Structures are given as structure tokens and as C-alpha cells.
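These notes are about the structure you will find just below.
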Amino acid sequence: MFGVYAAGCAGGHLNPAVTFANCVFRKFPWRKWPAYACAQVTGCFCGAAVIYGNYKSAIDVYEGGPNIRTVSGKHPTAGVFCTYPQPFMSKTGQFFSEFIASSVLMFMIFALKDDSNLGAGNLTPLMLFFLIFGIGATLGWETGYAINLARDFGPRLFTYFIGYGHEVWSAGNYYFWYYLGMSFAAPTNSSQGPNDCTFLRLHIRRMAIRFPDLPWRKSCQHTLGRPETNSPTRLEGRKGGNDGERSREVVM
């Protein structure tokens, strides 16, 4: 939540996969994606370094010595910095755990920033906090719910450099490399239909035509090509110019 406020001048981008989705679906400049992704990973790398420096003495005591750093075993501490799957998880289980969590994250970010829906407005950072807290509480136990390549890869790279060894990459039957390729599946799963609505939401809105007495029918009409004449969202979209385009970007 505070990361969104701190990165507000850059659009609140904290996740390379979400920035990638903005490039694909929201006309965010592709030329900016490499710089954003590198900055996101570097920020998480530096964050892990700060945490390690603060807790180094405690890690030394818990691990059993200043030169002992383990990913698995009796007293591992690598999990403080990045995610590792439970020992019983199969490849299929790892895939669905991360795919579902990442898809929920991406779907809800687009929903929270969609003013034609209820929208979260200025409460978006707070709603993102509840969203990620909920994902962690319900879908996080099996794999640690990485859901963000930067916050997982940056600290993982840092732990490799400070002595945790090759196991940071090979743990969980090379779970990280599997997740690395999967982390961009969420944007694909949140493919956009007309007017930046996901296909699922578009289908729900089409159903409203069959049931004209539903109270939310009017809010769905513009998606189907029948905009309301007095819709403030439509009027703002026409007057917004560049600001209108900028508002289409999503955070996190």
C-alpha cells in the first residue's frame, strides 16, 4: 500500500507483470517497460539487503554461525527473503497455485481501476492492501504466493550473492525457473475485451441485456455500444485528453 503512494509519480508500478499488462492492454509505452522492470527488481534487491543488514546477527544465531546460510534443513532462513513451495507440492500444484493467485491479483487490479465499474478511486492503495492480504491468507500457503517477479527475483538474487548457494534456484525441483516463465501468464489470463473490460466481465454485462430489470443494467450499457447520454465517465473520457489516457494505467 505504501509502495503505491511512494511510487505515485511513476504510476505506482511495482510489479513487472502488471507493467507488462499495461503495455499490452493499456497502451503503456513499450520502451519504458525494461527500465520499469529493472527498477522494480533493483528496488526489491536493495530492500532485501536492508532487511539482511538489520537481522544479520539474528540470522547468525539461528543458523548456527556467521558463515552458515541454508535454504532447507533444520534452521533455514532463505524463506525470509523469497518464496519456496511446500515439499509436497507437485509441478501441477505449483502451477495452479501461482496461476490462480496471479490471475486474481491482475483481474482485481483492473477492476479496482475501472471507473465504469464501482472503482476504488483514491482508496485504491488501501483496497490493494486488502487484496494482497486476502490472496496471501487464502492462496499463499502452498507456494508463498510470489505473484510479483520483482519482489521474488530481487531478494532471491541477493541471497545467492551472500552465500545461500545454488539451491536458491534449484529448490522445489527448480520451482523458481518454472515460476519465472509463469509470472506473465496472469496478463494473458486477464485478456481485455472492448473498453478495457476483461472477457469475463464483458460476458456478465451482456447478460444484463437479457434481464433489463437488474439495477446494474445501466452501468453495463456503454460496454455494449449503447452509452448513456449523461454518463459522467463518458464525458470525462472525451475531455480528458492525455489525462484520460494516463488514468487508464493500473498500479501494482
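All residue names refer to the C-alpha cells as shown: chains lettered A, B, ... in order, residues numbered from 1 in each chain, ligands numbered from 1 in order.
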
- If you count only C-alpha atoms, which residues fall within 10 Å of Ser90 (chain A), apart from same-chain ones fewer than 3 positions away, as a list in words?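 The contact residues come out as Pro85, Gln86, Pro87, Gly93, Gln94, Phe95, Gly172, Asn173 and Tyr175 of chain A.
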
Write the residues of the selection above to a file with C-alpha atoms, as a PDB file, in the first residue's frame.
```
ATOM      1  CA  PRO A  85       6.986 -24.212  -2.291  1.00  0.00           C
ATOM      2  CA  GLN A  86       5.956 -26.750   0.310  1.00  0.00           C
ATOM      3  CA  PRO A  87       7.836 -30.073  -0.072  1.00  0.00           C
ATOM      4  CA  GLY A  93       0.062 -27.863  -7.902  1.00  0.00           C
ATOM      5  CA  GLN A  94       2.765 -25.201  -8.137  1.00  0.00           C
ATOM      6  CA  PHE A  95       1.402 -24.040 -11.471  1.00  0.00           C
ATOM      7  CA  GLY A 172      11.430 -27.171  -5.131  1.00  0.00           C
ATOM      8  CA  ASN A 173      12.677 -29.041  -8.206  1.00  0.00           C
ATOM      9  CA  TYR A 175      10.440 -24.130  -8.875  1.00  0.00           C
TER      10      TYR A 175
END
```

- Please identify all polymer residues within 12 Å of Phe2 (chain A), counting only C-alpha atoms, omitting same-chain residues fewer than 6 positions from it, and present them as a VMD selection string. chain A and resid 8 12 14 124 to 129 252

- Message: I need the residue nearest Thr138 (chain A) from this list: A:Leu180, A:Val61, A:Val4, A:Val104. Use only C-alpha atoms for the distance.
- Response: A:Val104

- When distances are computed from only C-alpha atoms, which of A:Met106, A:Cys38, A:Leu118, A:Leu149 shows the smallest separation from Asn22 (chain A)?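 Ranking A:Met106, A:Cys38, A:Leu118, A:Leu149 by distance to Asn22 (chain A), first place goes to A:Met106.
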
- Item | Residue with smallest distance to Gly134 (chain A) - pool A:Ala101, A:Asn67, A:Arg151, A:Tyr160, counting only C-alpha atoms |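 Checking each candidate against Gly134 (chain A), we get A:Ala101 as the closest.
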
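Distance annotation: of A:Thr83, A:Thr77, A:Ser97, A:Thr159, the residue with the minimal separation from Gly144 (chain A) is A:Thr83; atom set is only C-alpha atoms.
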
- Coordinates-based distance that separates CA of Ser170 (chain A) from CA of Gly47 (chain A) (Å, one decimal): 22.9 Å

- Task: Choose the residue, out of A:Leu123, A:Leu139, A:Ala58, A:Ala17, that has the smallest atom-to-atom separation from Pro34 (chain A); count only C-alpha atoms.
- Result: A:Ala17

- Which distance in Å separates CA of Ile162 (chain A) and CA of Gly79 (chain A), to one decimal?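 Separating CA of Ile162 (chain A) from CA of Gly79 (chain A) is a distance of 14.2 Å.
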
- Write out as a VMD selection string the residues lying within 9 Å of Phe176 (chain A), counting only C-alpha atoms and excluding same-chain residues fewer than 6 positions away. chain A and resid 83 to 84 152 to 153 168 to 170

Prev. selection, N, CA and C atoms, output as a tab-separated table (two decimals), in the first residue's frame:
```tsv
chain	number	residue	atom	x	y	z
A	83	THR	N	10.23	-16.75	-1.94
A	83	THR	CA	9.25	-17.82	-1.76
A	83	THR	C	9.81	-19.18	-2.16
A	84	TYR	N	9.35	-20.20	-1.44
A	84	TYR	CA	9.70	-21.58	-1.75
A	84	TYR	C	8.45	-22.44	-1.53
A	152	ASP	N	10.21	-11.29	-5.75
A	152	ASP	CA	10.76	-12.62	-5.55
A	152	ASP	C	12.16	-12.73	-6.14
A	153	PHE	N	12.36	-12.25	-7.36
A	153	PHE	CA	13.64	-12.41	-8.02
A	153	PHE	C	14.72	-11.52	-7.40
A	168	VAL	N	19.07	-21.75	-4.04
A	168	VAL	CA	18.03	-20.73	-4.19
A	168	VAL	C	17.35	-20.84	-5.54
A	169	TRP	N	18.06	-21.39	-6.55
A	169	TRP	CA	17.48	-21.58	-7.88
A	169	TRP	C	16.89	-22.98	-8.06
A	170	SER	N	17.49	-23.96	-7.41
A	170	SER	CA	17.09	-25.35	-7.65
A	170	SER	C	16.05	-25.87	-6.67
```

- Task: Run DSSP on the backbone and grab whatever in region 18-181 of chain A lands in alpha helix (DSSP H); send it over as number ranges by chain.
- Result: A: 18-25, 33-63, 91-112, 124-139, 149-159, 167-181

Let's have the selection written as a CSV table (one decimal), in the first residue's frame, with C-alpha atoms.
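File written: again-v6.csv
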```
chain,number,residue,atom,x,y,z
A,18,VAL,CA,1.4,-5.6,-14.2
A,19,THR,CA,3.5,-3.2,-16.2
A,20,PHE,CA,3.7,-5.7,-19.0
A,21,ALA,CA,-0.1,-6.0,-18.9
A,22,ASN,CA,-0.3,-2.2,-19.1
A,23,CYS,CA,1.9,-2.3,-22.2
A,24,VAL,CA,-0.3,-5.0,-23.8
A,25,PHE,CA,-3.7,-3.7,-22.9
A,33,TRP,CA,9.0,-1.5,-19.7
A,34,PRO,CA,12.7,-2.5,-19.5
A,35,ALA,CA,13.5,0.5,-17.3
A,36,TYR,CA,10.5,-0.1,-15.1
A,37,ALA,CA,11.2,-3.8,-14.7
A,38,CYS,CA,14.9,-3.2,-13.8
A,39,ALA,CA,13.9,-0.5,-11.3
A,40,GLN,CA,11.4,-2.8,-9.7
A,41,VAL,CA,13.8,-5.7,-9.3
A,42,THR,CA,16.6,-3.4,-8.1
A,43,GLY,CA,14.3,-1.9,-5.5
A,44,CYS,CA,13.4,-5.3,-4.1
A,45,PHE,CA,17.1,-6.3,-4.2
A,46,CYS,CA,18.0,-3.3,-2.1
A,47,GLY,CA,15.1,-3.9,0.2
A,48,ALA,CA,16.3,-7.4,0.9
A,49,ALA,CA,19.8,-6.0,1.6
A,50,VAL,CA,18.4,-3.6,4.1
A,51,ILE,CA,16.5,-6.4,5.9
A,52,TYR,CA,19.5,-8.7,5.9
A,53,GLY,CA,21.7,-6.0,7.3
A,54,ASN,CA,19.2,-5.4,10.1
A,55,TYR,CA,18.8,-9.0,11.0
A,56,LYS,CA,22.2,-10.4,10.2
A,57,SER,CA,23.1,-11.1,13.9
A,58,ALA,CA,19.8,-12.9,14.5
A,59,ILE,CA,20.3,-15.0,11.3
A,60,ASP,CA,23.8,-15.9,12.5
A,61,VAL,CA,22.5,-17.2,15.8
A,62,TYR,CA,19.5,-19.0,14.3
A,63,GLU,CA,21.6,-20.7,11.5
A,91,LYS,CA,4.6,-29.2,-10.6
A,92,THR,CA,0.9,-29.1,-11.4
A,93,GLY,CA,0.1,-27.9,-7.9
A,94,GLN,CA,2.8,-25.2,-8.1
A,95,PHE,CA,1.4,-24.0,-11.5
A,96,PHE,CA,-2.2,-23.7,-10.4
A,97,SER,CA,-1.3,-22.1,-7.0
A,98,GLU,CA,0.7,-19.3,-8.7
A,99,PHE,CA,-1.6,-19.0,-11.7
A,100,ILE,CA,-4.7,-18.6,-9.7
A,101,ALA,CA,-3.2,-16.1,-7.2
A,102,SER,CA,-1.6,-14.1,-10.0
A,103,SER,CA,-4.8,-14.1,-12.1
A,104,VAL,CA,-6.9,-12.9,-9.1
A,105,LEU,CA,-4.4,-10.1,-8.5
A,106,MET,CA,-4.4,-9.0,-12.1
A,107,PHE,CA,-8.2,-9.2,-12.5
A,108,MET,CA,-8.9,-7.3,-9.4
A,109,ILE,CA,-6.3,-4.5,-10.1
A,110,PHE,CA,-8.1,-3.9,-13.4
A,111,ALA,CA,-11.5,-3.9,-11.7
A,112,LEU,CA,-10.4,-1.5,-9.0
A,124,THR,CA,-7.1,2.1,-4.5
A,125,PRO,CA,-3.9,1.7,-2.4
A,126,LEU,CA,-5.9,0.6,0.6
A,127,MET,CA,-8.0,-1.8,-1.5
A,128,LEU,CA,-4.8,-3.3,-2.9
A,129,PHE,CA,-3.6,-3.9,0.6
A,130,PHE,CA,-6.8,-5.9,1.4
A,131,LEU,CA,-6.5,-7.7,-2.0
A,132,ILE,CA,-2.9,-8.9,-1.4
A,133,PHE,CA,-3.7,-9.7,2.2
A,134,GLY,CA,-6.6,-11.8,1.1
A,135,ILE,CA,-4.6,-13.6,-1.6
A,136,GLY,CA,-1.9,-14.4,1.0
A,137,ALA,CA,-4.4,-15.6,3.5
A,138,THR,CA,-6.3,-17.9,1.1
A,139,LEU,CA,-3.8,-18.9,-1.6
A,149,LEU,CA,8.5,-11.3,-10.1
A,150,ALA,CA,10.4,-8.3,-8.7
A,151,ARG,CA,9.7,-9.0,-5.1
A,152,ASP,CA,10.8,-12.6,-5.6
A,153,PHE,CA,13.6,-12.4,-8.0
A,154,GLY,CA,15.4,-9.4,-6.5
A,155,PRO,CA,15.7,-10.9,-3.0
A,156,ARG,CA,16.5,-14.3,-4.4
A,157,LEU,CA,19.4,-12.9,-6.4
A,158,PHE,CA,20.6,-11.1,-3.3
A,159,THR,CA,20.5,-14.3,-1.2
A,167,GLU,CA,19.8,-24.1,-4.0
A,168,VAL,CA,18.0,-20.7,-4.2
A,169,TRP,CA,17.5,-21.6,-7.9
A,170,SER,CA,17.1,-25.4,-7.7
A,171,ALA,CA,14.8,-25.6,-4.6
A,172,GLY,CA,11.4,-27.2,-5.1
A,173,ASN,CA,12.7,-29.0,-8.2
A,174,TYR,CA,13.7,-25.8,-9.8
A,175,TYR,CA,10.4,-24.1,-8.9
A,176,PHE,CA,11.8,-20.6,-9.5
A,177,TRP,CA,12.6,-21.2,-13.1
A,178,TYR,CA,9.1,-22.7,-13.5
A,179,TYR,CA,7.6,-19.7,-11.8
A,180,LEU,CA,9.7,-17.2,-13.8
A,181,GLY,CA,8.1,-18.2,-17.1
```

- Report the distance between CA of Phe161 (chain A) and CA of Pro66 (chain A) in Å, rounded to one decimal place.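 Those two atoms sit 14.9 Å apart.
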